[in-house]
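Asker: I'm passing along model23.txt; it holds compact mmCIF, C-alpha atoms.
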```
# COMPACT_ATOMS: atom_id res chain seq x y z
CA MET A 1 -2.14 29.74 -1.60
CA ARG A 2 -4.56 29.25 -4.53
CA TYR A 3 -3.30 29.26 -8.08
CA ILE A 4 -5.87 30.31 -10.69
CA ILE A 5 -4.90 30.70 -14.32
CA SER A 6 -8.25 31.56 -15.85
CA SER A 7 -8.88 35.11 -14.58
CA ALA A 8 -7.16 36.69 -17.55
CA LEU A 9 -9.15 34.41 -19.81
CA ALA A 10 -12.44 35.40 -18.14
CA SER A 11 -11.68 39.11 -18.54
CA LEU A 12 -10.76 38.57 -22.17
CA LEU A 13 -13.99 36.75 -22.92
CA LEU A 14 -16.10 39.43 -21.24
CA CYS A 15 -14.51 42.12 -23.38
CA ALA A 16 -14.20 40.23 -26.65
CA PRO A 17 -16.46 41.60 -29.41
CA LEU A 18 -16.93 38.12 -30.90
CA ALA A 19 -20.46 36.80 -31.21
CA ALA A 20 -20.97 33.30 -29.81
CA PRO A 21 -22.03 30.82 -32.49
CA ALA A 22 -24.71 28.19 -32.19
CA ARG A 23 -23.62 25.40 -29.85
CA ALA A 24 -23.97 22.85 -32.65
CA GLU A 25 -21.01 24.44 -34.46
CA VAL A 26 -18.62 23.74 -31.58
CA PRO A 27 -17.01 20.26 -31.68
CA GLN A 28 -17.69 17.78 -28.92
CA VAL A 29 -14.24 17.32 -27.35
CA VAL A 30 -13.08 14.44 -25.13
CA THR A 31 -9.90 14.48 -23.01
CA ASP A 32 -8.05 11.88 -20.96
CA ILE A 33 -6.70 13.45 -17.74
CA PRO A 34 -7.41 16.63 -15.72
CA PRO A 35 -4.40 18.69 -16.88
CA VAL A 36 -5.31 18.15 -20.55
CA GLN A 37 -8.98 18.81 -19.86
CA SER A 38 -8.02 22.04 -18.10
CA LEU A 39 -5.92 23.30 -21.01
CA VAL A 40 -8.65 22.45 -23.53
CA ALA A 41 -11.29 24.10 -21.32
CA GLN A 42 -9.26 27.30 -21.26
CA VAL A 43 -8.99 27.34 -25.05
CA MET A 44 -12.70 26.60 -25.55
CA GLY A 45 -13.80 29.13 -22.93
CA ASP A 46 -17.54 29.78 -23.01
CA LEU A 47 -17.91 27.94 -26.32
CA GLY A 48 -18.00 24.47 -24.77
CA THR A 49 -16.86 22.15 -22.00
CA PRO A 50 -14.56 19.23 -22.87
CA THR A 51 -15.45 15.84 -21.45
CA LEU A 52 -12.98 14.34 -18.96
CA LEU A 53 -12.69 10.55 -19.03
CA LEU A 54 -10.59 9.93 -15.90
CA ALA A 55 -12.92 9.81 -12.92
CA LYS A 56 -11.99 11.76 -9.80
CA GLY A 57 -9.69 9.69 -7.61
CA ALA A 58 -9.01 7.09 -10.34
CA SER A 59 -5.60 5.98 -11.58
CA GLU A 60 -4.70 7.14 -15.07
CA HIS A 61 -2.76 3.94 -15.77
CA ASP A 62 -5.46 1.28 -15.39
CA PHE A 63 -8.78 3.09 -15.63
CA GLN A 64 -11.77 1.27 -17.16
CA LEU A 65 -14.27 3.21 -19.26
CA ARG A 66 -17.92 3.20 -18.28
CA PRO A 67 -20.47 2.60 -21.07
CA SER A 68 -21.43 6.30 -21.04
CA GLN A 69 -17.78 7.27 -21.53
CA ALA A 70 -17.39 4.81 -24.38
CA ARG A 71 -20.41 6.43 -26.02
CA ALA A 72 -18.88 9.89 -25.51
CA LEU A 73 -15.76 8.70 -27.30
CA ALA A 74 -17.79 7.30 -30.16
CA ASP A 75 -19.61 10.63 -30.54
CA ALA A 76 -16.53 12.80 -30.09
CA GLY A 77 -15.68 15.38 -32.69
CA PHE A 78 -12.11 15.32 -31.41
CA VAL A 79 -10.00 13.66 -28.70
CA PHE A 80 -6.99 15.30 -27.04
CA TRP A 81 -4.89 12.93 -24.92
CA VAL A 82 -1.31 12.55 -23.73
CA GLY A 83 -0.82 9.28 -25.59
CA PRO A 84 -0.55 5.51 -25.12
CA ASP A 85 2.56 5.83 -22.96
CA LEU A 86 0.36 7.16 -20.15
CA THR A 87 -3.07 5.62 -20.74
CA PRO A 88 -2.86 2.35 -22.71
CA TRP A 89 -6.51 1.60 -21.87
CA LEU A 90 -7.57 4.61 -23.95
CA SER A 91 -5.38 3.54 -26.86
CA ARG A 92 -7.52 0.48 -27.30
CA ALA A 93 -10.73 2.51 -27.12
CA LEU A 94 -9.56 4.92 -29.83
CA THR A 95 -8.98 2.32 -32.52
CA ASP A 96 -12.38 3.01 -34.13
CA LEU A 97 -11.80 6.77 -34.48
CA PRO A 98 -10.09 8.25 -37.56
CA GLU A 99 -6.59 9.58 -36.96
CA ALA A 100 -7.79 13.03 -38.02
CA GLN A 101 -10.00 13.16 -34.92
CA VAL A 102 -7.28 12.34 -32.37
CA LEU A 103 -4.16 14.19 -31.18
CA ALA A 104 -1.60 12.50 -28.90
CA LEU A 105 0.06 15.57 -27.39
CA LEU A 106 3.18 13.72 -26.24
CA ASP A 107 3.94 12.77 -29.84
CA ALA A 108 3.66 16.32 -31.20
CA PRO A 109 6.98 17.81 -32.45
CA GLU A 110 6.36 20.87 -30.28
CA THR A 111 6.46 18.76 -27.08
CA PHE A 112 9.69 18.61 -25.11
CA ARG A 113 10.24 14.98 -24.10
CA ARG A 114 12.66 13.70 -21.51
CA PRO A 115 13.71 10.20 -20.45
CA TYR A 116 13.06 8.66 -17.10
CA SER A 117 15.86 8.52 -14.56
CA PRO A 118 18.86 6.27 -15.30
CA ASP A 119 17.36 3.59 -13.04
CA GLY A 120 15.90 2.02 -16.17
CA ALA A 121 12.74 1.71 -18.21
CA HIS A 122 9.48 2.60 -16.50
CA LEU A 123 7.33 -0.45 -15.88
CA HIS A 124 3.63 -1.05 -15.39
CA ASP A 125 2.09 -4.02 -13.65
CA PRO A 126 1.29 -6.70 -16.27
CA SER A 127 -1.61 -7.90 -14.10
CA GLN A 128 -3.31 -4.60 -14.87
CA GLY A 129 -3.14 -5.22 -18.59
CA SER A 130 -0.55 -2.53 -19.13
CA HIS A 131 2.97 -2.65 -20.44
CA ASP A 132 6.53 -1.47 -20.41
CA HIS A 133 6.38 1.83 -22.26
CA GLY A 134 10.10 2.36 -22.59
CA ASN A 135 12.16 5.17 -21.17
CA THR A 136 10.15 8.19 -22.33
CA ASP A 137 8.56 9.97 -19.40
CA PRO A 138 4.94 10.81 -20.39
CA HIS A 139 4.32 13.30 -17.55
CA ALA A 140 5.17 16.18 -19.89
CA TRP A 141 2.42 18.52 -18.67
CA LEU A 142 4.44 19.11 -15.48
CA ASP A 143 6.72 21.37 -17.54
CA PRO A 144 4.76 24.62 -18.03
CA ASP A 145 6.56 25.20 -21.32
CA ASN A 146 4.89 22.05 -22.65
CA ALA A 147 1.53 23.25 -21.36
CA LYS A 148 1.96 26.49 -23.30
CA ALA A 149 2.93 24.60 -26.44
CA TRP A 150 -0.13 22.37 -26.06
CA LEU A 151 -2.41 25.41 -25.82
CA GLY A 152 -1.28 26.42 -29.29
CA LEU A 153 -1.79 22.91 -30.66
CA ILE A 154 -5.25 22.69 -29.14
CA ALA A 155 -6.30 26.09 -30.50
CA ALA A 156 -5.01 25.25 -33.99
CA ARG A 157 -6.83 21.92 -34.13
CA LEU A 158 -10.11 23.41 -32.83
CA ALA A 159 -9.83 26.19 -35.39
CA GLU A 160 -9.60 23.60 -38.16
CA LEU A 161 -12.78 21.93 -36.90
CA ASP A 162 -14.62 25.18 -36.17
CA PRO A 163 -13.18 27.97 -38.36
CA ASP A 164 -15.94 30.43 -37.43
CA ASN A 165 -14.52 30.55 -33.90
CA ALA A 166 -10.82 30.37 -34.82
CA ALA A 167 -10.13 33.89 -33.54
CA THR A 168 -11.74 33.08 -30.19
CA TYR A 169 -9.70 29.90 -29.75
CA ALA A 170 -6.49 31.77 -30.62
CA ALA A 171 -7.26 34.63 -28.24
CA ASN A 172 -8.18 32.26 -25.42
CA ALA A 173 -4.97 30.29 -25.90
CA GLU A 174 -2.90 33.48 -25.84
CA ALA A 175 -4.57 34.64 -22.63
CA ALA A 176 -3.96 31.22 -21.04
CA ARG A 177 -0.28 31.34 -22.07
CA HIS A 178 0.13 34.70 -20.36
CA ALA A 179 -1.56 33.32 -17.24
CA ILE A 180 0.78 30.30 -17.20
CA ASP A 181 3.75 32.67 -17.52
CA ALA A 182 2.55 34.52 -14.41
CA LEU A 183 2.01 31.24 -12.57
CA ASP A 184 5.45 30.03 -13.65
CA GLN A 185 7.16 33.10 -12.22
CA GLN A 186 5.24 32.74 -8.97
CA VAL A 187 6.15 29.07 -8.58
CA ARG A 188 9.78 29.68 -9.51
CA SER A 189 10.03 32.30 -6.76
CA ARG A 190 8.43 29.88 -4.32
CA LEU A 191 10.90 27.08 -5.08
CA ASP A 192 14.10 28.99 -5.71
CA ALA A 193 15.31 28.62 -2.11
CA TYR A 194 15.15 24.80 -2.36
CA ARG A 195 17.22 24.18 -5.48
CA ASP A 196 19.96 22.55 -3.36
CA ARG A 197 17.62 20.45 -1.19
CA PRO A 198 17.26 16.99 -2.78
CA PHE A 199 14.17 14.97 -1.90
CA ILE A 200 12.63 11.54 -2.57
CA VAL A 201 9.38 10.85 -4.44
CA PHE A 202 7.25 7.73 -4.63
CA HIS A 203 7.77 7.06 -8.32
CA ASP A 204 9.65 8.68 -11.16
CA ALA A 205 6.93 11.06 -12.37
CA TYR A 206 8.35 14.47 -11.49
CA GLY A 207 11.35 14.84 -13.77
CA TYR A 208 9.77 17.54 -15.94
CA PHE A 209 8.75 19.58 -12.90
CA ALA A 210 12.12 19.20 -11.17
CA SER A 211 14.11 19.99 -14.30
CA HIS A 212 12.04 23.06 -15.13
CA TYR A 213 12.46 24.53 -11.65
CA GLY A 214 16.01 23.37 -10.97
CA LEU A 215 15.08 20.95 -8.19
CA SER A 216 17.00 17.81 -7.27
CA ILE A 217 15.27 14.44 -6.86
CA LEU A 218 17.46 12.06 -4.86
CA GLY A 219 15.53 8.98 -5.93
CA SER A 220 12.15 7.27 -6.09
CA VAL A 221 10.73 4.51 -3.92
CA ALA A 222 9.21 2.50 -6.78
CA LEU A 223 10.63 2.07 -10.25
CA GLY A 224 7.19 2.00 -11.89
CA ASP A 225 3.59 2.86 -11.24
CA ALA A 226 2.64 -0.54 -9.83
CA THR A 227 5.96 -2.17 -9.01
CA THR A 228 7.05 -2.91 -5.46
CA PRO A 229 10.68 -2.06 -4.66
CA GLY A 230 12.90 -4.86 -3.47
CA ALA A 231 15.22 -4.86 -0.49
CA ALA A 232 18.18 -3.76 -2.62
CA LYS A 233 16.27 -0.72 -3.89
CA LEU A 234 15.27 0.35 -0.38
CA ALA A 235 18.81 -0.23 0.89
CA ALA A 236 20.22 1.97 -1.88
CA LEU A 237 17.82 4.77 -0.97
CA HIS A 238 18.73 4.42 2.71
CA GLN A 239 22.38 4.78 1.76
CA ALA A 240 21.61 7.78 -0.44
CA VAL A 241 19.92 9.52 2.45
CA GLY A 242 22.94 8.69 4.60
CA SER A 243 24.01 11.27 7.10
CA GLY A 244 23.17 14.22 4.87
CA PRO A 245 20.99 17.12 5.94
CA PRO A 246 17.37 16.33 6.78
CA THR A 247 15.13 16.20 3.73
CA CYS A 248 11.68 15.00 2.63
CA ILE A 249 10.09 11.93 1.16
CA PHE A 250 6.70 12.25 -0.52
CA PRO A 251 4.00 9.61 -0.80
CA GLU A 252 1.71 9.78 -3.83
CA ALA A 253 -2.02 9.78 -4.43
CA GLN A 254 -3.36 6.36 -5.52
CA HIS A 255 -0.44 4.52 -3.87
CA ASP A 256 -0.03 2.84 -0.51
CA PRO A 257 1.93 5.17 1.84
CA ALA A 258 3.26 2.19 3.81
CA LEU A 259 6.35 1.90 1.59
CA VAL A 260 7.20 5.53 2.22
CA ALA A 261 6.79 5.07 5.97
CA GLN A 262 9.00 1.96 5.78
CA LEU A 263 11.77 3.84 4.00
CA ALA A 264 11.58 6.82 6.34
CA GLN A 265 11.81 4.66 9.47
CA GLY A 266 15.11 5.14 11.27
CA THR A 267 16.20 8.05 9.06
CA SER A 268 16.05 11.82 9.20
CA LEU A 269 13.49 11.85 6.38
CA ARG A 270 10.38 13.93 6.95
CA ILE A 271 7.25 12.56 5.29
CA GLY A 272 5.57 15.23 3.19
CA PRO A 273 1.98 15.39 1.96
CA PRO A 274 0.98 13.04 -0.87
CA LEU A 275 1.81 14.43 -4.30
CA ASP A 276 -0.69 14.12 -7.14
CA PRO A 277 1.06 14.54 -10.51
CA VAL A 278 -2.16 14.10 -12.51
CA GLY A 279 -4.48 16.14 -10.28
CA SER A 280 -6.77 13.14 -10.03
CA THR A 281 -7.96 14.02 -6.52
CA GLY A 282 -8.88 17.62 -7.33
CA ASP A 283 -11.61 19.33 -9.29
CA SER A 284 -11.46 19.51 -13.07
CA GLY A 285 -12.00 22.61 -15.18
CA PRO A 286 -10.04 25.66 -16.38
CA ASP A 287 -8.40 26.27 -12.98
CA ALA A 288 -7.18 22.69 -12.54
CA TYR A 289 -3.82 23.08 -14.30
CA GLY A 290 -2.79 26.07 -12.20
CA THR A 291 -3.96 24.35 -9.03
CA LEU A 292 -1.96 21.24 -9.90
CA ILE A 293 1.33 23.08 -10.47
CA GLY A 294 0.81 25.40 -7.53
CA THR A 295 -0.08 22.61 -5.13
CA LEU A 296 2.99 20.59 -6.12
CA ALA A 297 5.17 23.63 -5.47
CA ASP A 298 3.54 24.37 -2.10
CA SER A 299 3.77 20.77 -0.92
CA ILE A 300 7.45 20.47 -1.80
CA ALA A 301 8.46 23.89 -0.48
CA THR A 302 6.57 23.53 2.80
CA CYS A 303 8.09 20.15 3.63
CA LEU A 304 11.63 21.11 2.62
CA SER A 305 11.38 24.30 4.64
CA THR A 306 10.32 22.32 7.70
CA ALA A 307 13.05 19.73 7.15
CA ALA A 308 15.66 22.46 6.85
CA ASN A 309 14.70 23.76 10.28
CA THR A 310 14.78 20.30 11.88
CA PRO A 311 17.67 19.94 14.34
```
Any chance you could give the structure as structure tokens?
Answerer:
Amino acid sequence: MRYIISSALASLLLCAPLAAPARAEVPQVVTDIPPVQSLVAQVMGDLGTPTLLLAKGASEHDFQLRPSQARALADAGFVFWVGPDLTPWLSRALTDLPEAQVLALLDAPETFRRPYSPDGAHLHDPSQGSHDHGNTDPHAWLDPDNAKAWLGLIAARLAELDPDNAATYAANAEAARHAIDALDQQVRSRLDAYRDRPFIVFHDAYGYFASHYGLSILGSVALGDATTPGAAKLAALHQAVGSGPPTCIFPEAQHDPALVAQLAQGTSLRIGPPLDPVGSTGDSGPDAYGTLIGTLADSIATCLSTAANTP
């Protein structure tokens, strides 16, 4: 099943009586990760294409900028990013840009923020030059309500930079919000049957998604993005699985699946397809956000449905 959230936007742009301005009037926009780039691309529409820094298949937590990307940042008219909690490497690169040219979406008052699970603060691997960023979960784009709020923030900031196209940005954002509403209803219907089927993920990145759709995460294999679980952690997860009904455990893109296979060994756990909370393995562009949410829903629902039918 393919999830596309830009069809309404395309129809709107074809019918809109607004004249396109000269390209030089449109700000050069840089974004950090595919979901943010997708939302900005929908708001900009045919007026421009935002630059995506995170390379396809790369990890958002320890990415290193190429010289061409550093130059794009230096020339940027504006930068939309989640914030330093997710990409500390970008925080360092943004120090030379004025605050008026940067928006950390996670820090916006309109963003709903949630803590990580009670297991404790989320940790990065110090060898990667990253840090403990506390107990705020930065994966806020996995709640479609946050994505809709960000569309409004993006449109408002672009309108300030490019007032001649303010009406276009506002109309594009409204069309994208309606498309996300339709996607949200579709995904909710897809997942509704699995609200009482807890499952295990690789690391604690899916709280927004699970909370929004009423799903239950039994636990995570790793506490942080680059931490290896100890024997006590694995034993606790084994005990949690116990003799309950068969369920699923999901590996994750950019992480070694061996830990998941180790945990599943000798249990009734079914190993699902790798989840990709950032969409780093897919294509970027306006459709990327819908594809990300839809693929997560399909992966979870398909595995849980199979597990439910396992004797």
Asker: I'd like the interatomic distance between CA of Val102 (chain A) and CA of Asn172 (chain A), to a tenth of an Å.
Answerer: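 So the two atoms, CA of Val102 (chain A) and CA of Asn172 (chain A), lie 21.1 Å apart.
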Asker: Can you work out which one of A:Thr136, A:Ser91, A:Thr295, A:Ser117 has the shortest atom-to-atom distance to Gly207 (chain A), counting only C-alpha atoms?
Answerer: A:Ser117
Asker: Go through A:Tyr169, A:Tyr194, A:Trp81, A:Trp89 and flag the residue nearest Leu65 (chain A), using all atoms listed in the file for the distances.
Answerer: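 Closest to Leu65 (chain A) of all the choices is A:Trp89.
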Asker: At a cut-off of 6 Å, using all atoms listed in the file, what residues contact region 271-279 of chain A? Leave out same-chain residues fewer than 2 positions from it and give the result as a list of chain:residue names.
Answerer: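 Once the adjacent positions are removed, what remains is A:Cys248, A:Ile249, A:Phe250, A:Pro251, A:Glu252, A:Ala253, A:Thr281, A:Gly282, A:Leu292, A:Cys303.
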Asker: Please measure the separation of CA of Leu103 (chain A) and CA of Ala179 (chain A), giving the value in Å to one decimal.
Answerer: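 Between these atoms lies a distance of 23.8 Å.
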Asker: Which residue, A:Pro246, A:Gln239, A:Val260, A:Ala171, has the smallest gap to Phe202 (chain A) when you use only C-alpha atoms?
Answerer: A:Val260
Asker: Which residue out of A:Ala166, A:Leu263, A:Ile293, A:Ala288 has the minimum interatomic distance to Tyr213 (chain A) when all atoms listed in the file are used?
Answerer: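 Ranked by minimum distance to Tyr213 (chain A), first place goes to A:Ile293.
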